[in-house]
file data_24.cif (mmCIF, C-alpha atoms and all ligand atoms)
data_coords
#
loop_
_atom_site.label_atom_id
_atom_site.label_comp_id
_atom_site.auth_asym_id
_atom_site.auth_seq_id
_atom_site.Cartn_x
_atom_site.Cartn_y
_atom_site.Cartn_z
CA MET A 1 -64.50 59.87 19.43
CA GLU A 2 -67.72 60.48 17.60
CA ASP A 3 -67.49 60.40 13.80
CA LYS A 4 -68.97 63.88 13.60
CA PHE A 5 -65.62 65.31 14.64
CA LYS A 6 -63.69 63.72 11.78
CA GLY A 7 -63.04 65.41 8.47
CA ILE A 8 -62.62 68.82 6.92
CA PHE A 9 -63.45 71.96 8.89
CA PRO A 10 -62.94 75.42 7.39
CA ALA A 11 -61.65 77.89 9.99
CA LEU A 12 -64.07 80.59 8.92
CA LEU A 13 -62.77 83.99 7.88
CA THR A 14 -64.66 87.08 9.04
CA PRO A 15 -66.02 89.30 6.25
CA PHE A 16 -66.04 93.04 6.97
CA ASP A 17 -67.86 95.84 5.21
CA LYS A 18 -66.16 99.04 4.05
CA ASN A 19 -66.30 100.41 7.60
CA TYR A 20 -64.70 97.28 9.03
CA HIS A 21 -67.97 96.10 10.60
CA VAL A 22 -68.68 92.36 10.62
CA ASN A 23 -70.74 91.50 7.53
CA THR A 24 -73.02 88.70 8.75
CA GLN A 25 -74.81 88.41 5.39
CA VAL A 26 -71.58 87.47 3.58
CA LEU A 27 -70.68 85.13 6.44
CA ARG A 28 -73.95 83.27 5.88
CA GLU A 29 -73.16 83.03 2.16
CA LEU A 30 -69.70 81.63 2.93
CA VAL A 31 -71.18 78.99 5.25
CA ALA A 32 -73.77 77.96 2.63
CA TYR A 33 -71.09 77.78 -0.10
CA ASN A 34 -68.97 75.44 2.00
CA ARG A 35 -71.89 73.32 3.16
CA LYS A 36 -72.70 72.65 -0.48
CA LYS A 37 -69.16 71.38 -1.00
CA GLY A 38 -69.71 68.85 1.78
CA VAL A 39 -67.47 70.08 4.58
CA ASP A 40 -67.92 68.21 7.86
CA GLY A 41 -68.19 71.28 10.05
CA PHE A 42 -66.80 74.71 10.88
CA TYR A 43 -64.27 76.14 13.30
CA VAL A 44 -65.69 79.48 14.37
CA CYS A 45 -63.80 82.52 15.70
CA GLY A 46 -60.29 81.10 15.46
CA SER A 47 -57.10 82.87 14.37
CA THR A 48 -58.36 82.92 10.78
CA ALA A 49 -61.46 84.81 11.91
CA GLU A 50 -59.19 87.56 13.31
CA ALA A 51 -60.72 86.65 16.68
CA PHE A 52 -58.17 88.63 18.65
CA MET A 53 -59.15 91.75 16.74
CA LEU A 54 -62.89 91.27 17.34
CA THR A 55 -64.70 92.51 20.43
CA SER A 56 -66.50 89.90 22.55
CA LYS A 57 -69.76 91.26 21.22
CA GLU A 58 -68.58 90.73 17.65
CA ARG A 59 -67.40 87.22 18.43
CA LEU A 60 -70.85 86.44 19.80
CA SER A 61 -72.49 87.80 16.69
CA VAL A 62 -70.25 85.65 14.46
CA MET A 63 -70.95 82.58 16.63
CA GLU A 64 -74.67 83.24 16.51
CA THR A 65 -74.76 83.81 12.75
CA VAL A 66 -72.99 80.50 12.09
CA SER A 67 -75.11 78.54 14.56
CA ASN A 68 -78.29 79.99 13.03
CA CYS A 69 -77.42 78.85 9.53
CA ALA A 70 -75.50 75.63 10.18
CA GLY A 71 -76.41 74.45 13.70
CA GLY A 72 -77.75 70.89 13.68
CA LYS A 73 -76.67 70.45 10.04
CA CYS A 74 -72.95 69.98 10.55
CA THR A 75 -70.47 70.02 13.44
CA LEU A 76 -69.68 73.40 14.98
CA ILE A 77 -66.67 74.18 17.14
CA ALA A 78 -66.40 77.62 18.76
CA HIS A 79 -62.97 78.96 19.56
CA VAL A 80 -63.43 80.85 22.86
CA GLY A 81 -59.78 81.55 23.60
CA CYS A 82 -58.93 84.87 25.28
CA ILE A 83 -56.09 85.80 27.57
CA SER A 84 -58.65 86.41 30.31
CA THR A 85 -60.27 83.35 31.87
CA THR A 86 -63.44 85.28 32.70
CA GLU A 87 -63.98 86.30 29.11
CA ALA A 88 -63.23 82.82 27.76
CA VAL A 89 -65.69 81.27 30.24
CA ALA A 90 -68.38 83.75 29.19
CA LEU A 91 -67.88 82.89 25.51
CA ALA A 92 -67.91 79.16 26.31
CA ARG A 93 -71.23 79.50 28.13
CA GLU A 94 -72.70 81.33 25.15
CA ALA A 95 -71.38 78.64 22.77
CA GLN A 96 -73.17 76.07 24.86
CA SER A 97 -76.45 77.94 24.82
CA MET A 98 -76.16 78.40 21.03
CA GLY A 99 -75.90 74.63 20.58
CA TYR A 100 -72.23 74.31 19.58
CA ASP A 101 -70.82 70.77 19.59
CA ALA A 102 -67.50 71.68 21.18
CA ILE A 103 -65.36 74.57 22.31
CA SER A 104 -61.70 75.17 21.67
CA SER A 105 -59.04 77.47 23.03
CA VAL A 106 -55.51 78.53 22.34
CA ALA A 107 -53.38 78.70 25.51
CA PRO A 108 -53.51 82.15 27.16
CA PHE A 109 -50.54 84.09 25.82
CA TYR A 110 -48.59 87.37 26.05
CA TYR A 111 -47.92 87.37 29.83
CA LYS A 112 -45.93 84.14 29.82
CA PHE A 113 -48.29 82.40 32.23
CA SER A 114 -46.88 79.38 34.05
CA PHE A 115 -48.10 75.95 32.98
CA GLU A 116 -50.03 75.72 36.26
CA GLU A 117 -51.86 78.92 35.32
CA ILE A 118 -52.54 77.67 31.81
CA LYS A 119 -53.87 74.40 33.21
CA LYS A 120 -56.16 76.26 35.58
CA TYR A 121 -57.39 78.39 32.65
CA TYR A 122 -58.47 75.29 30.69
CA PHE A 123 -60.07 73.63 33.71
CA ASP A 124 -61.93 76.78 34.70
CA ILE A 125 -63.49 76.75 31.23
CA VAL A 126 -64.38 73.04 31.09
CA ASN A 127 -65.77 73.20 34.62
CA ALA A 128 -68.15 75.98 33.59
CA VAL A 129 -69.76 74.15 30.66
CA GLU A 130 -70.81 70.69 29.46
CA LEU A 131 -69.10 70.97 26.08
CA PRO A 132 -65.87 69.09 25.28
CA MET A 133 -62.70 71.16 24.84
CA LEU A 134 -60.38 70.98 21.85
CA ILE A 135 -56.90 72.23 22.76
CA TYR A 136 -55.61 74.63 20.09
CA ASN A 137 -51.87 74.15 19.95
CA PHE A 138 -50.28 76.93 17.88
CA PRO A 139 -46.81 77.66 19.29
CA ALA A 140 -45.64 79.78 16.32
CA CYS A 141 -48.28 82.45 16.90
CA SER A 142 -49.20 82.06 20.57
CA GLY A 143 -45.61 81.82 21.74
CA VAL A 144 -46.76 79.15 24.23
CA ASN A 145 -44.90 75.87 23.93
CA LEU A 146 -47.00 73.13 25.49
CA THR A 147 -44.96 69.95 25.74
CA VAL A 148 -46.21 66.58 24.52
CA ASP A 149 -46.65 65.57 28.17
CA ASN A 150 -48.59 68.78 28.93
CA ILE A 151 -51.02 68.02 26.10
CA LYS A 152 -51.25 64.33 26.95
CA GLY A 153 -52.15 65.38 30.48
CA PHE A 154 -55.18 67.29 29.17
CA LEU A 155 -56.18 64.47 26.82
CA SER A 156 -56.27 61.98 29.67
CA ASP A 157 -59.27 63.89 31.05
CA ASP A 158 -62.72 63.01 29.68
CA ARG A 159 -63.69 66.61 29.14
CA PHE A 160 -60.98 67.13 26.52
CA LEU A 161 -62.01 66.21 22.99
CA GLY A 162 -58.59 66.34 21.37
CA VAL A 163 -56.08 68.73 19.87
CA LYS A 164 -55.86 71.00 16.85
CA HIS A 165 -52.16 70.81 16.13
CA THR A 166 -50.89 73.80 14.15
CA SER A 167 -47.27 72.81 14.17
CA SER A 168 -44.95 70.89 11.89
CA ASP A 169 -43.93 68.67 14.79
CA TYR A 170 -45.49 65.49 13.43
CA PHE A 171 -43.65 63.39 15.97
CA ALA A 172 -45.80 65.14 18.60
CA LEU A 173 -48.99 64.63 16.56
CA GLU A 174 -48.28 60.91 16.26
CA GLN A 175 -47.65 60.66 20.00
CA PHE A 176 -51.03 62.30 20.82
CA LYS A 177 -52.92 59.94 18.53
CA THR A 178 -51.03 56.82 19.57
CA ALA A 179 -51.49 57.52 23.27
CA PHE A 180 -55.18 58.48 22.85
CA PRO A 181 -56.59 56.78 19.74
CA GLN A 182 -60.13 57.65 20.81
CA LYS A 183 -59.40 61.42 20.84
CA VAL A 184 -59.59 63.64 17.78
CA VAL A 185 -56.41 65.12 16.30
CA TYR A 186 -56.71 67.84 13.67
CA ASN A 187 -53.92 68.91 11.38
CA GLY A 188 -53.39 72.70 11.47
CA TYR A 189 -51.12 73.65 8.57
CA ASP A 190 -53.05 73.03 5.35
CA GLU A 191 -49.86 72.78 3.27
CA MET A 192 -48.85 69.70 5.33
CA PHE A 193 -52.24 68.00 5.52
CA LEU A 194 -51.12 64.78 3.88
CA ALA A 195 -48.20 64.55 6.30
CA GLY A 196 -50.64 64.98 9.19
CA LEU A 197 -52.94 62.26 7.85
CA SER A 198 -50.06 59.85 7.47
CA MET A 199 -49.09 60.39 11.12
CA GLY A 200 -52.63 59.76 12.36
CA ALA A 201 -54.67 62.98 12.03
CA ASP A 202 -58.46 62.45 11.88
CA GLY A 203 -59.05 65.57 9.87
CA ALA A 204 -58.04 69.17 9.53
CA ILE A 205 -59.07 72.67 10.48
CA GLY A 206 -57.75 75.21 8.02
CA SER A 207 -58.05 78.69 6.63
CA THR A 208 -57.56 77.85 2.95
CA PHE A 209 -60.59 75.52 3.13
CA ASN A 210 -62.77 78.65 3.02
CA PHE A 211 -62.34 78.67 -0.76
CA MET A 212 -60.83 75.27 -1.68
CA ALA A 213 -62.38 72.76 0.72
CA GLU A 214 -62.98 70.33 -2.18
CA LYS A 215 -59.24 69.80 -2.60
CA PHE A 216 -58.83 68.77 1.04
CA ILE A 217 -61.96 66.59 1.02
CA GLU A 218 -60.40 64.85 -1.98
CA ILE A 219 -56.94 64.51 -0.39
CA ARG A 220 -58.54 62.80 2.60
CA LYS A 221 -60.69 60.57 0.41
CA ARG A 222 -57.70 59.43 -1.63
CA PHE A 223 -55.61 58.90 1.48
CA LEU A 224 -58.35 56.68 2.95
CA GLU A 225 -58.47 54.73 -0.33
CA ASN A 226 -54.71 54.27 -0.18
CA ASP A 227 -54.14 56.39 -3.27
CA MET A 228 -51.12 58.24 -1.89
CA GLU A 229 -49.88 59.32 -5.30
CA GLY A 230 -53.24 60.90 -6.12
CA ALA A 231 -53.46 62.54 -2.70
CA LEU A 232 -49.99 64.05 -3.08
CA TRP A 233 -50.86 65.36 -6.53
CA ILE A 234 -53.72 67.43 -5.07
CA GLN A 235 -51.66 68.52 -2.07
CA ARG A 236 -49.01 69.85 -4.48
CA GLU A 237 -51.60 71.84 -6.39
CA ALA A 238 -53.00 73.29 -3.15
CA ASN A 239 -49.47 74.18 -2.07
CA VAL A 240 -48.80 76.29 -5.15
CA ILE A 241 -51.85 78.33 -4.09
CA ILE A 242 -50.72 78.48 -0.45
CA GLN A 243 -47.28 79.72 -1.51
CA ALA A 244 -48.94 82.59 -3.38
CA LEU A 245 -51.07 83.37 -0.29
CA CYS A 246 -48.09 83.35 2.06
CA LYS A 247 -46.34 85.88 -0.18
CA VAL A 248 -49.04 88.52 0.34
CA GLY A 249 -50.40 87.54 3.77
CA VAL A 250 -52.67 84.54 4.22
CA MET A 251 -55.90 86.12 5.47
CA GLN A 252 -55.73 89.18 3.22
CA GLY A 253 -54.97 86.90 0.28
CA GLU A 254 -57.83 84.52 1.07
CA LYS A 255 -60.23 87.44 1.29
CA ALA A 256 -59.07 88.70 -2.10
CA VAL A 257 -59.60 85.24 -3.63
CA LEU A 258 -63.12 85.06 -2.18
CA GLU A 259 -63.88 88.51 -3.58
CA GLU A 260 -62.79 87.23 -6.95
CA LEU A 261 -65.21 84.32 -6.49
CA GLY A 262 -68.06 86.76 -5.96
CA PHE A 263 -68.21 87.30 -2.17
CA ASP A 264 -68.27 90.90 -0.95
CA PHE A 265 -65.57 90.09 1.56
CA GLY A 266 -63.85 93.37 2.36
CA PRO A 267 -60.38 93.84 3.88
CA ALA A 268 -58.66 92.30 6.89
CA ARG A 269 -58.72 94.47 10.00
CA LYS A 270 -55.92 96.93 10.65
CA PRO A 271 -53.03 96.75 11.37
CA PHE A 272 -53.18 94.21 8.53
CA ALA A 273 -52.44 96.24 5.43
CA PRO A 274 -54.65 95.97 2.35
CA LEU A 275 -53.15 94.31 -0.72
CA SER A 276 -51.77 96.62 -3.39
CA GLY A 277 -53.28 96.39 -6.87
CA GLU A 278 -50.12 94.68 -8.02
CA GLN A 279 -50.19 92.06 -5.23
CA ARG A 280 -53.83 91.30 -5.87
CA LYS A 281 -53.26 90.86 -9.59
CA GLU A 282 -50.30 88.55 -9.08
CA LEU A 283 -52.18 86.50 -6.48
CA ILE A 284 -55.34 86.10 -8.52
CA SER A 285 -53.49 85.12 -11.66
CA ALA A 286 -51.57 82.44 -9.72
CA VAL A 287 -54.58 81.07 -7.85
CA LEU A 288 -57.62 81.18 -10.12
CA PRO A 289 -56.38 78.76 -12.81
CA LEU A 290 -55.79 76.15 -10.08
CA LEU A 291 -59.26 76.33 -8.52
O1 LIG A 301 -56.05 77.16 11.10
C1 LIG A 301 -54.41 78.12 9.76
N1 LIG A 301 -53.58 78.98 10.55
C2 LIG A 301 -53.64 80.34 10.47
C3 LIG A 301 -54.98 77.05 10.61
O2 LIG A 301 -54.28 80.92 9.66
C4 LIG A 301 -52.88 81.12 11.43
C5 LIG A 301 -53.77 77.47 8.53
O3 LIG A 301 -54.84 77.08 7.73
C6 LIG A 301 -52.85 78.38 7.75
O4 LIG A 301 -53.47 79.60 7.49
C7 LIG A 301 -52.45 77.78 6.41
C8 LIG A 301 -51.42 78.63 5.66
O5 LIG A 301 -50.18 78.59 6.32
O6 LIG A 301 -51.96 76.50 6.61
#

call {"tool": "encode", "arguments": {"input": "data_24.cif", "output": "structure tokens"}}
result
Amino acid sequence: MEDKFKGIFPALLTPFDKNYHVNTQVLRELVAYNRKKGVDGFYVCGSTAEAFMLTSKERLSVMETVSNCAGGKCTLIAHVGCISTTEAVALAREAQSMGYDAISSVAPFYYKFSFEEIKKYYFDIVNAVELPMLIYNFPACSGVNLTVDNIKGFLSDDRFLGVKHTSSDYFALEQFKTAFPQKVVYNGYDEMFLAGLSMGADGAIGSTFNFMAEKFIEIRKRFLENDMEGALWIQREANVIIQALCKVGVMQGEKAVLEELGFDFGPARKPFAPLSGEQRKELISAVLPLL
């Protein structure tokens, strides 16, 4: 695995204006803010970006905005997952022409596709482009339970870069990394990052990195220096913040925190409900002192 795939990757949120249109200006500001903190790259159009509530045209505009301001400067991974193979292939081709370093996809969901169908979906995408594919394993939200053997089957193919493992099954994570040490394994749940590192993760892709990437850069640094106590101290602090976010809804909460930090972020798309004044106040007073 190339070193450029290791490290801390914010799963970028999508800012909207008052009319729920994608606000590309604020997106550029968010990218610049995180680049200054020293993140290793970005995961673009994932769950955190509300990708399944964006049209294909909007996804392309988000992908293009990020590649225009960060392409060639850090590593960019485009999530192209859709439940339709045709649409995912089209997004993957665009990612390639925009200069992305890799593509990623969640398994196609909702219709309970057979594993053979899911396998064909991934191979149809990788056969259409030259970019490596990062499997996005997120059983809690996708409802698709890929087994360790299913995922190892993908990883044994050269075109697969690795796996973004959003699951607390760290036995599985360890098995991926042990079987394929040269592949990249990303931790998915930010609140368990240190656990992921200790079981072999090369880095992490996460939503809370949008506004507190420095904490996760530091956790990784301390872990690599063998300062486990110090790493856990920072993880604990991050987790107090994540608990407050989970209470109000992670994406809505993260957007409110970024607004507080000066970004004109706007709401999450409906049917996500906006935070009440009370929720916002409670969240901000819990989070800000810890940033
Ligand atoms: O990319 C993120 N998953 C989702 C991973 O947002 C669905 C995580 O960063 C979580 O948001 C975070 C809070 O549970 O760990």

call {"tool": "closest_atom_pairs", "arguments": {"input": "data_24.cif", "of": "region 7-38 of chain A", "to": "region 71-78 of chain A", "cutoff": "12 Å", "atoms": "all atoms listed in the file", "output": "JSON lines"}}
result
{"residue": "A:Gly7", "atom": "CA", "partner": "A:Thr75", "partner_atom": "CA", "distance": 10.1}
{"residue": "A:Ile8", "atom": "CA", "partner": "A:Thr75", "partner_atom": "CA", "distance": 10.3}
{"residue": "A:Phe9", "atom": "CA", "partner": "A:Thr75", "partner_atom": "CA", "distance": 8.6}
{"residue": "A:Pro10", "atom": "CA", "partner": "A:Leu76", "partner_atom": "CA", "distance": 10.3}
{"residue": "A:Ala11", "atom": "CA", "partner": "A:Ile77", "partner_atom": "CA", "distance": 9.5}
{"residue": "A:Leu12", "atom": "CA", "partner": "A:Ala78", "partner_atom": "CA", "distance": 10.5}
{"residue": "A:Val31", "atom": "CA", "partner": "A:Cys74", "partner_atom": "CA", "distance": 10.6}
{"residue": "A:Ala32", "atom": "CA", "partner": "A:Lys73", "partner_atom": "CA", "distance": 10.9}
{"residue": "A:Asn34", "atom": "CA", "partner": "A:Cys74", "partner_atom": "CA", "distance": 10.9}
{"residue": "A:Arg35", "atom": "CA", "partner": "A:Cys74", "partner_atom": "CA", "distance": 8.2}
{"residue": "A:Lys36", "atom": "CA", "partner": "A:Cys74", "partner_atom": "CA", "distance": 11.4}
{"residue": "A:Gly38", "atom": "CA", "partner": "A:Cys74", "partner_atom": "CA", "distance": 9.4}

call {"tool": "closest_atom_pairs", "arguments": {"input": "data_24.cif", "of": "chain A", "to": "ligand LIG 301 (chain A)", "cutoff": "7 Å", "atoms": "only C-alpha atoms and all ligand atoms", "output": "tab-separated table"}}
result
residue	atom	partner	partner_atom	distance
A:Ala11	CA	A:LIG301	O1	5.8
A:Ser47	CA	A:LIG301	C4	5.4
A:Thr48	CA	A:LIG301	O2	4.7
A:Thr166	CA	A:LIG301	C3	6.3
A:Gly188	CA	A:LIG301	C3	4.7
A:Tyr189	CA	A:LIG301	O6	3.6
A:Asp190	CA	A:LIG301	O6	3.8
A:Glu191	CA	A:LIG301	O6	5.4
A:Ile205	CA	A:LIG301	O1	5.4
A:Gly206	CA	A:LIG301	O3	3.5
A:Ser207	CA	A:LIG301	O3	3.8
A:Thr208	CA	A:LIG301	O3	5.6
A:Ile242	CA	A:LIG301	C8	6.2
A:Cys246	CA	A:LIG301	O5	6.7
A:Val250	CA	A:LIG301	O4	6.0
A:Met251	CA	A:LIG301	O2	6.9

call {"tool": "residues_near_point", "arguments": {"input": "data_24.cif", "point": "(-54.2, 88.6, -7.6)", "cutoff": "12 Å", "atoms": "all atoms listed in the file", "output": "PyMOL selection string"}}
result
chain A and resi 241+244-245+247-248+252-261+275-289

call {"tool": "residues_near_point", "arguments": {"input": "data_24.cif", "point": "(-49.4, 64.6, 3.0)", "cutoff": "9 Å", "atoms": "all atoms listed in the file", "output": "PDB file with C-alpha atoms, keeping the file's coordinate frame"}}
result
ATOM      1  CA  GLU A 191     -49.860  72.780   3.270  1.00  0.00           C
ATOM      2  CA  MET A 192     -48.850  69.700   5.330  1.00  0.00           C
ATOM      3  CA  PHE A 193     -52.240  68.000   5.520  1.00  0.00           C
ATOM      4  CA  LEU A 194     -51.120  64.780   3.880  1.00  0.00           C
ATOM      5  CA  ALA A 195     -48.200  64.550   6.300  1.00  0.00           C
ATOM      6  CA  GLY A 196     -50.640  64.980   9.190  1.00  0.00           C
ATOM      7  CA  LEU A 197     -52.940  62.260   7.850  1.00  0.00           C
ATOM      8  CA  SER A 198     -50.060  59.850   7.470  1.00  0.00           C
ATOM      9  CA  ILE A 219     -56.940  64.510  -0.390  1.00  0.00           C
ATOM     10  CA  PHE A 223     -55.610  58.900   1.480  1.00  0.00           C
ATOM     11  CA  MET A 228     -51.120  58.240  -1.890  1.00  0.00           C
ATOM     12  CA  ALA A 231     -53.460  62.540  -2.700  1.00  0.00           C
ATOM     13  CA  LEU A 232     -49.990  64.050  -3.080  1.00  0.00           C
ATOM     14  CA  GLN A 235     -51.660  68.520  -2.070  1.00  0.00           C
TER      15      GLN A 235
END

call {"tool": "atom_distance", "arguments": {"input": "data_24.cif", "atom1": "CA of Lys270 (chain A)", "atom2": "CA of Phe109 (chain A)"}}
result
20.6 Å

call {"tool": "closest_residue", "arguments": {"input": "data_24.cif", "among": "A:Ile151, A:Leu291, A:Val126, A:Cys45", "to": "Phe176 (chain A)", "atoms": "all atoms listed in the file"}}
result
A:Ile151

call {"tool": "atom_distance", "arguments": {"input": "data_24.cif", "atom1": "CA of Asp157 (chain A)", "atom2": "CA of Tyr110 (chain A)"}}
result
26.3 Å

call {"tool": "axis_aligned_box", "arguments": {"input": "data_24.cif", "around": "region 15-25 of chain A", "padding_each_side": "8 Å", "output": "lines of an AutoDock Vina configuration file"}}
result
center_x = -69.8
center_y = 94.4
center_z = 7.3
size_x = 26.1
size_y = 28.0
size_z = 22.6

call {"tool": "closest_residue", "arguments": {"input": "data_24.cif", "among": "A:Leu146, A:Ala268, A:Ala273, A:Ala128", "to": "Glu50 (chain A)", "atoms": "only C-alpha atoms"}}
result
A:Ala268

call {"tool": "residues_around", "arguments": {"input": "data_24.cif", "residues": "Lys112 (chain A)", "least_positions_apart": "3", "cutoff": "12 Å", "atoms": "all atoms listed in the file", "output": "number ranges by chain"}}
result
A: 83, 107-109, 115-118, 142-146

call {"tool": "residues_around", "arguments": {"input": "data_24.cif", "residues": "Lys183 (chain A)", "least_positions_apart": "2", "cutoff": "12 Å", "atoms": "only C-alpha atoms", "output": "PyMOL selection string"}}
result
chain A and resi 1-3+5-6+132-135+151-152+154-164+173+175-181+185-186+200-203

call {"tool": "write_last_selection", "arguments": {"input": "data_24.cif", "atoms": "C-alpha atoms", "output": "mmCIF file, in the frame of the given file"}}
result
data_model
loop_
_atom_site.group_PDB
_atom_site.id
_atom_site.type_symbol
_atom_site.label_atom_id
_atom_site.label_comp_id
_atom_site.auth_asym_id
_atom_site.auth_seq_id
_atom_site.Cartn_x
_atom_site.Cartn_y
_atom_site.Cartn_z
ATOM 1 C CA MET A 1 -64.500 59.870 19.430
ATOM 2 C CA GLU A 2 -67.720 60.480 17.600
ATOM 3 C CA ASP A 3 -67.490 60.400 13.800
ATOM 4 C CA PHE A 5 -65.620 65.310 14.640
ATOM 5 C CA LYS A 6 -63.690 63.720 11.780
ATOM 6 C CA PRO A 132 -65.870 69.090 25.280
ATOM 7 C CA MET A 133 -62.700 71.160 24.840
ATOM 8 C CA LEU A 134 -60.380 70.980 21.850
ATOM 9 C CA ILE A 135 -56.900 72.230 22.760
ATOM 10 C CA ILE A 151 -51.020 68.020 26.100
ATOM 11 C CA LYS A 152 -51.250 64.330 26.950
ATOM 12 C CA PHE A 154 -55.180 67.290 29.170
ATOM 13 C CA LEU A 155 -56.180 64.470 26.820
ATOM 14 C CA SER A 156 -56.270 61.980 29.670
ATOM 15 C CA ASP A 157 -59.270 63.890 31.050
ATOM 16 C CA ASP A 158 -62.720 63.010 29.680
ATOM 17 C CA ARG A 159 -63.690 66.610 29.140
ATOM 18 C CA PHE A 160 -60.980 67.130 26.520
ATOM 19 C CA LEU A 161 -62.010 66.210 22.990
ATOM 20 C CA GLY A 162 -58.590 66.340 21.370
ATOM 21 C CA VAL A 163 -56.080 68.730 19.870
ATOM 22 C CA LYS A 164 -55.860 71.000 16.850
ATOM 23 C CA LEU A 173 -48.990 64.630 16.560
ATOM 24 C CA GLN A 175 -47.650 60.660 20.000
ATOM 25 C CA PHE A 176 -51.030 62.300 20.820
ATOM 26 C CA LYS A 177 -52.920 59.940 18.530
ATOM 27 C CA THR A 178 -51.030 56.820 19.570
ATOM 28 C CA ALA A 179 -51.490 57.520 23.270
ATOM 29 C CA PHE A 180 -55.180 58.480 22.850
ATOM 30 C CA PRO A 181 -56.590 56.780 19.740
ATOM 31 C CA VAL A 185 -56.410 65.120 16.300
ATOM 32 C CA TYR A 186 -56.710 67.840 13.670
ATOM 33 C CA GLY A 200 -52.630 59.760 12.360
ATOM 34 C CA ALA A 201 -54.670 62.980 12.030
ATOM 35 C CA ASP A 202 -58.460 62.450 11.880
ATOM 36 C CA GLY A 203 -59.050 65.570 9.870
#

call {"tool": "closest_residue", "arguments": {"input": "data_24.cif", "among": "A:Gly266, A:Gln182, A:Ile103, A:Phe52", "to": "Asp17 (chain A)", "atoms": "all atoms listed in the file"}}
result
A:Gly266

call {"tool": "closest_residue", "arguments": {"input": "data_24.cif", "among": "A:Tyr170, A:Tyr100, A:Phe42, A:Phe216", "to": "Val129 (chain A)", "atoms": "all atoms listed in the file"}}
result
A:Tyr100

call {"tool": "closest_residue", "arguments": {"input": "data_24.cif", "among": "A:Leu30, A:Leu224, A:Leu13, A:Val80", "to": "Pro267 (chain A)", "atoms": "all atoms listed in the file"}}
result
A:Leu13

call {"tool": "atom_distance", "arguments": {"input": "data_24.cif", "atom1": "CA of Leu131 (chain A)", "atom2": "CA of Asp101 (chain A)"}}
result
6.7 Å

call {"tool": "closest_residue", "arguments": {"input": "data_24.cif", "among": "A:Ile125, A:Met199, A:Leu54, A:Cys69", "to": "Gly41 (chain A)", "atoms": "only C-alpha atoms"}}
result
A:Cys69
